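Report on one structure; see the data block that follows.
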Protein chains: 4
Amino acid sequence: MAAKSGDKYAAILDAAQVVIARQGYHSAQISRIAQEAGVAAGTVYLYFKNKPDLLVCLFRERLKMLIGESRAALDGATEPAEKLRRVIRQHFVSLGRRRDLAAVTQIEMRQADTGVQQQISELMKGWFLVIDEIIAEGQASGLFIRGIPGKQIRNLIYGTLDQTVTAWVLSGFHFDLEALAEPTFTLIARGVIHYTEGG
Amino acid sequence: MAAKSGDKYAAILDAAQVVIARQGYHSAQISRIAQEAGVAAGTVYLYFKNKPDLLVCLFRERLKMLIGESRAALDGATEPAEKLRRVIRQHFVSLGRRRDLAAVTQIEMRQADTGVQQQISELMKGWFLVIDEIIAEGQASGLFIRGIPGKQIRNLIYGTLDQTVTAWVLSGFHFDLEALAEPTFTLIARGVIHYTEGG
Amino acid sequence: MAAKSGDKYAAILDAAQVVIARQGYHSAQISRIAQEAGVAAGTVYLYFKNKPDLLVCLFRERLKMLIGESRAALDGATEPAEKLRRVIRQHFVSLGRRRDLAAVTQIEMRQADTGVQQQISELMKGWFLVIDEIIAEGQASGLFIRGIPGKQIRNLIYGTLDQTVTAWVLSGFHFDLEALAEPTFTLIARGVIHYTEGG
Amino acid sequence: MAAKSGDKYAAILDAAQVVIARQGYHSAQISRIAQEAGVAAGTVYLYFKNKPDLLVCLFRERLKMLIGESRAALDGATEPAEKLRRVIRQHFVSLGRRRDLAAVTQIEMRQADTGVQQQISELMKGWFLVIDEIIAEGQASGLFIRGIPGKQIRNLIYGTLDQTVTAWVLSGFHFDLEALAEPTFTLIARGVIHYTEGG
DNA sequence: TATGAATGAGATTTCATTCAT
DNA sequence: CATGAATGAAATCTCATTCAT
């Protein structure tokens, strides 16, 4: 009964996130989600075309929020390095404070079938764009490494963030995700190998 | 009918990989896999406890092979940096030459439910160990960056490799994965930011 | 928005006929009929008890009209043979000029469930009465064949008309229904077999 | 539990006919049919693609039988008039001795949706062919009335038979259908109007 | 070992109907 | 009279698994 009546759309999305996080993707029946939202099962279909549509909408809504927070975190930053640092930090902050959401995005929704996955892939492009812009700016200014495709740099950055959050969820949230922001930035920025000066 | 008769265990695993790659995880019915393997559906249950067990066995078998190839690639290397380079290259080589397998590990099997995923997570530790040993050696020798937990370095390395292969599969194999080995090593080793000497 | 405002009862019936003809019986949802009539779904229930009631009312209304037209066509006829001829012609004229109605009565409404069908059967008795009266008169006067129950004569007449109109609808209205009136009368009147005089 | 095990296909069709006749078309759930056939619900889907397919198969099977009986009844008849007489009689005999089947074909299956109806229409052509052949022969030999399209003669014959059987079912089988064969033939053959010799 | 016919649990989705406004 | 958002019952179909042969 988490619903604020009058905003059933959001209530159903909230309920979906809670139920998926709690029971896992495959046990998240529409009837359970409706119950959690405090509405009848049929009501879900007044707001969403079908179950895949509900899941895609949930992902879109949350991703939009995450992207919004990331872009907001970039406000006032001018240096690409600083932007990279902030984007990394914000990613860990945004998900580190929303365990349900992290579990849903990192673990559960990956169990969705191909149709949903493809739509999710499309949506992810909006998130990649945030990183890509920083990379492009960094390479243009000569601060970021050149001679390597921006896409591969993005794979490094996104892959690292994604893997880190997944590990955090799988650990049962047993470490401090936000505390990893700075070391992760250092790693991504300076690399794994400690080249000595002049080396 | 991919089966070598007399080795039905392997035939069924081969068939599972083919069917999952071709039809996707959720359409990979036991009956279809059995047909591809040239056996009856019931026979599958003589070799595997149930469907999740079959999938976990498939993953274990293939991962064992990948780990074996990676360890073999390390033969004769003594420097941690060289080992890192070889492990990266071998990962791209091993999957770059097995599109079916790549599709299965990067895309399809991630749709498995939580029970299978947890067992897969356990198995992944064997793979992480290969990386972790290199990291430990690198940090001990002072070549790799210190002051950052080895686990996070592993997240960077594994996350980057994983994301790259996934992007390759999703692209429809439209770029040369092996060609990315060297740039990826450079990125991981030297970092994204181009510090000038003495910087 | 086919409705003449102020006469919602008729507007809803008109809308039902249009929607059933256009979308078929099973896709004719109350909400769709209401929309076509320019009223809210709930309003339908101010004029009709439930959906079966609406359908029965639609049929009753239209049948009443058809019977009225048939009886009107009999005006001025005195001979049973002429009456039979007129009734046949009028049936083809009445439905031949109302394709929507023909599709609804011959095809779509036959998909209604048993409850509705039984009520429709009751209503049909009013229509059978028109034929039965002609038959009774014809037999009494000695013009119509005797020794055969009037009911069976009615089955012949009604069955032929019904089957003809149904065939016309199923053909996509691809022949001239009215043109069949005279041959159909001849057939019904003289029979299939061409007895030679004195035969 | 009507099933002879080993012939589940026929058992399921038999069960479908029984259940539809007893409970009506819309209450004929697959689970009930399966129960009546003495099999599990899932078993039905080993023999039929889906529910519409089951219904079409039922109709096809029974129609095939009816057509077979009609053609058999024509054996040894040479005169078109005699053939017409036999076809009419056989229709009433075939359905008059199978009340369940008559209820299913005349009442219940007409409630099927458009997809099933269209397939049924196709199948009916096989039955019309039996009549059409007799008509063609009769017209060619000059015995049957000419100058009227064979199709319309068929509408008369089929419409009359169909309407008669339907009336019989709706009456609760309260009259002797077979006894109507001869009068019905007379009606169809000689017509409704009693032309006096030389008239 | 091997077969494959049979099982049966379980969830999405539709839409007639209601009722608070 | 009129609205239309919300309800909730109900049935098809899939497919992993079993077991008699």
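Ordered as shown in the structure tokens, chains take letters A, B, and onward, while each chain numbers its residues from 1 and ligands are numbered from 1 in the order shown.
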Exercise for review: List every residue of region 43-131 of chain B that DSSP, applied to the backbone of this structure, assigns to alpha helix (DSSP H), and report them as a PyMOL selection string.
Suggested key: chain B and resi 43-47+51-74+80-96+99-106+114-131
Exercise for review: Please identify all polymer residues within 9 Å of region 10-17 of chain A, counting only C-alpha atoms (C1' of nucleotides), omitting same-chain residues fewer than 5 positions from it, and present them as an NGL selection string.
Suggested key: :A and (1-5 or 22 or 28 or 30 or 32-39 or 44 or 47 or 54-55 or 57-58 or 61 or 100-101 or 104)
Only C-alpha atoms, please: the residues just picked out, written as a PDB file, in the first residue's frame.
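This went into again36.pdb:
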```pdb
ATOM      1  CA  MET A   1       0.000   0.000   0.000  1.00  0.00           C
ATOM      2  CA  ALA A   2       2.788   2.369  -0.896  1.00  0.00           C
ATOM      3  CA  ALA A   3       0.611   4.399  -3.213  1.00  0.00           C
ATOM      4  CA  LYS A   4      -0.203   8.022  -2.981  1.00  0.00           C
ATOM      5  CA  SER A   5      -3.581   7.885  -4.607  1.00  0.00           C
ATOM      6  CA  ARG A  22      12.538  -8.137  -2.959  1.00  0.00           C
ATOM      7  CA  ALA A  28       7.577 -10.166  -9.904  1.00  0.00           C
ATOM      8  CA  ILE A  30       1.746  -8.129 -12.055  1.00  0.00           C
ATOM      9  CA  ARG A  32       2.008  -8.687  -6.667  1.00  0.00           C
ATOM     10  CA  ILE A  33       3.117  -5.355  -8.050  1.00  0.00           C
ATOM     11  CA  ALA A  34      -0.487  -4.161  -8.132  1.00  0.00           C
ATOM     12  CA  GLN A  35      -1.008  -5.323  -4.566  1.00  0.00           C
ATOM     13  CA  GLU A  36       2.116  -3.497  -3.448  1.00  0.00           C
ATOM     14  CA  ALA A  37       0.901  -0.369  -5.248  1.00  0.00           C
ATOM     15  CA  GLY A  38      -2.481  -0.688  -3.596  1.00  0.00           C
ATOM     16  CA  VAL A  39      -4.436  -1.070  -6.822  1.00  0.00           C
ATOM     17  CA  VAL A  44      -1.845  -1.665 -14.092  1.00  0.00           C
ATOM     18  CA  TYR A  47      -1.195   2.847 -17.200  1.00  0.00           C
ATOM     19  CA  LEU A  54       5.968  -1.573 -17.466  1.00  0.00           C
ATOM     20  CA  LEU A  55       9.524  -2.785 -17.047  1.00  0.00           C
ATOM     21  CA  CYS A  57       9.067   2.401 -18.350  1.00  0.00           C
ATOM     22  CA  LEU A  58      10.539   1.649 -14.950  1.00  0.00           C
ATOM     23  CA  GLU A  61      12.184   6.603 -15.538  1.00  0.00           C
ATOM     24  CA  ASP A 100      16.665  -1.439  -4.300  1.00  0.00           C
ATOM     25  CA  LEU A 101      17.315   0.425  -7.508  1.00  0.00           C
ATOM     26  CA  VAL A 104      17.087  -3.952  -9.934  1.00  0.00           C
TER      27      VAL A 104
END
```
**Study point:** Long-range neighbours of Trp127 (chain B) as an MDAnalysis selection string, 9 Å cut-off, only C-alpha atoms (C1' of nucleotides), 2 positions minimum in chain
**Key:** chainID B and resid 63:64 66:67 123:125 129:132
Exercise for review: Would you kindly report the residues of chain B within 10 Å of chain E, using only C-alpha atoms (C1' of nucleotides), as a list in words?
Suggested key: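 Matching residues, ligands excluded from the count: Ser31, Val39, Ala40, Ala41, Gly42, Thr43 and Leu46 of chain B.
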Could you write out the selected residues, including C-alpha atoms, as a compact mmCIF listing (two decimals), in the first residue's frame?
```txt
# COMPACT_ATOMS: atom_id res chain seq x y z
CA SER B 31 13.38 -30.60 -26.01
CA VAL B 39 19.01 -37.53 -28.10
CA ALA B 40 15.58 -37.75 -26.52
CA ALA B 41 14.45 -35.10 -24.08
CA GLY B 42 14.44 -37.58 -21.23
CA THR B 43 18.06 -38.45 -21.87
CA LEU B 46 20.36 -38.81 -17.25
```
Revision key, fill the gap. Closest of D:Phe173, D:Val93, D:Tyr25, D:Phe59 to chain C, counting only C-alpha atoms, is D:Tyr25
Exercise for review: Quick one: everything within 12 Å of Arg99 (chain A), counting only C-alpha atoms (C1' of nucleotides), minus sequence neighbours fewer than 2 positions away in the same chain. Send it as a ChimeraX atom specification.
Suggested key: /A:17-18,20-22,92-97,101-107,165-166,168-174,176-177
Could you write those residues out with N, CA and C atoms, as a short mmCIF file (atom, residue, chain, number, x, y, z; two decimals), in the first residue's frame?
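Once written, result.cif looks like this:
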```
data_model
loop_
_atom_site.label_atom_id
_atom_site.label_comp_id
_atom_site.auth_asym_id
_atom_site.auth_seq_id
_atom_site.Cartn_x
_atom_site.Cartn_y
_atom_site.Cartn_z
N GLN A 17 9.56 -1.64 -8.58
CA GLN A 17 10.95 -1.65 -8.12
C GLN A 17 11.09 -2.41 -6.80
N VAL A 18 10.17 -2.14 -5.90
CA VAL A 18 10.22 -2.80 -4.59
C VAL A 18 10.05 -4.32 -4.75
N ILE A 20 10.42 -6.25 -7.42
CA ILE A 20 11.52 -6.88 -8.15
C ILE A 20 12.74 -7.01 -7.25
N ALA A 21 13.04 -5.97 -6.50
CA ALA A 21 14.20 -6.01 -5.60
C ALA A 21 14.02 -7.08 -4.54
N ARG A 22 12.79 -7.23 -4.08
CA ARG A 22 12.54 -8.14 -2.96
C ARG A 22 12.41 -9.59 -3.41
N PHE A 92 28.22 6.49 -8.20
CA PHE A 92 28.29 5.71 -6.96
C PHE A 92 27.36 6.27 -5.89
N VAL A 93 27.23 7.59 -5.87
CA VAL A 93 26.32 8.20 -4.89
C VAL A 93 24.87 7.85 -5.24
N SER A 94 24.52 8.02 -6.49
CA SER A 94 23.13 7.82 -6.91
C SER A 94 22.66 6.39 -6.64
N LEU A 95 23.52 5.44 -6.94
CA LEU A 95 23.12 4.05 -6.73
C LEU A 95 23.44 3.60 -5.30
N GLY A 96 24.48 4.15 -4.74
CA GLY A 96 24.87 3.75 -3.38
C GLY A 96 23.81 4.08 -2.34
N ARG A 97 22.98 5.04 -2.66
CA ARG A 97 21.94 5.43 -1.71
C ARG A 97 20.58 4.82 -2.07
N LEU A 101 17.11 0.07 -6.11
CA LEU A 101 17.31 0.43 -7.51
C LEU A 101 18.57 -0.25 -8.05
N ALA A 102 19.63 -0.25 -7.26
CA ALA A 102 20.88 -0.88 -7.70
C ALA A 102 20.66 -2.36 -7.97
N ALA A 103 19.97 -3.02 -7.07
CA ALA A 103 19.71 -4.45 -7.26
C ALA A 103 18.90 -4.68 -8.53
N VAL A 104 17.95 -3.79 -8.76
CA VAL A 104 17.09 -3.95 -9.93
C VAL A 104 17.88 -3.74 -11.22
N THR A 105 18.67 -2.66 -11.27
CA THR A 105 19.38 -2.37 -12.53
C THR A 105 20.56 -3.31 -12.76
N GLN A 106 21.25 -3.69 -11.70
CA GLN A 106 22.48 -4.47 -11.90
C GLN A 106 22.22 -5.97 -12.02
N ILE A 107 21.17 -6.43 -11.34
CA ILE A 107 20.97 -7.89 -11.29
C ILE A 107 19.66 -8.29 -11.95
N VAL A 165 29.54 -1.51 -9.23
CA VAL A 165 28.23 -1.49 -8.57
C VAL A 165 27.67 -2.90 -8.47
N THR A 166 27.86 -3.69 -9.51
CA THR A 166 27.38 -5.08 -9.47
C THR A 166 28.05 -5.84 -8.33
N TRP A 168 29.22 -4.64 -5.69
CA TRP A 168 28.70 -4.10 -4.43
C TRP A 168 27.35 -4.75 -4.08
N VAL A 169 26.49 -4.86 -5.08
CA VAL A 169 25.18 -5.49 -4.84
C VAL A 169 25.37 -6.96 -4.46
N LEU A 170 26.21 -7.65 -5.22
CA LEU A 170 26.41 -9.08 -4.97
C LEU A 170 27.06 -9.33 -3.60
N SER A 171 27.81 -8.35 -3.13
CA SER A 171 28.46 -8.50 -1.81
C SER A 171 27.43 -8.35 -0.69
N GLY A 172 26.22 -7.99 -1.05
CA GLY A 172 25.22 -7.71 -0.02
C GLY A 172 25.41 -6.32 0.55
N PHE A 173 25.94 -5.43 -0.28
CA PHE A 173 26.16 -4.03 0.13
C PHE A 173 27.15 -3.96 1.29
N HIS A 174 28.11 -4.87 1.29
CA HIS A 174 28.99 -4.98 2.45
C HIS A 174 30.22 -4.08 2.39
N ASP A 176 31.53 0.19 1.32
CA ASP A 176 31.06 1.58 1.10
C ASP A 176 31.32 1.96 -0.35
N LEU A 177 30.25 2.02 -1.11
CA LEU A 177 30.40 2.28 -2.54
C LEU A 177 30.96 3.68 -2.80
#
```
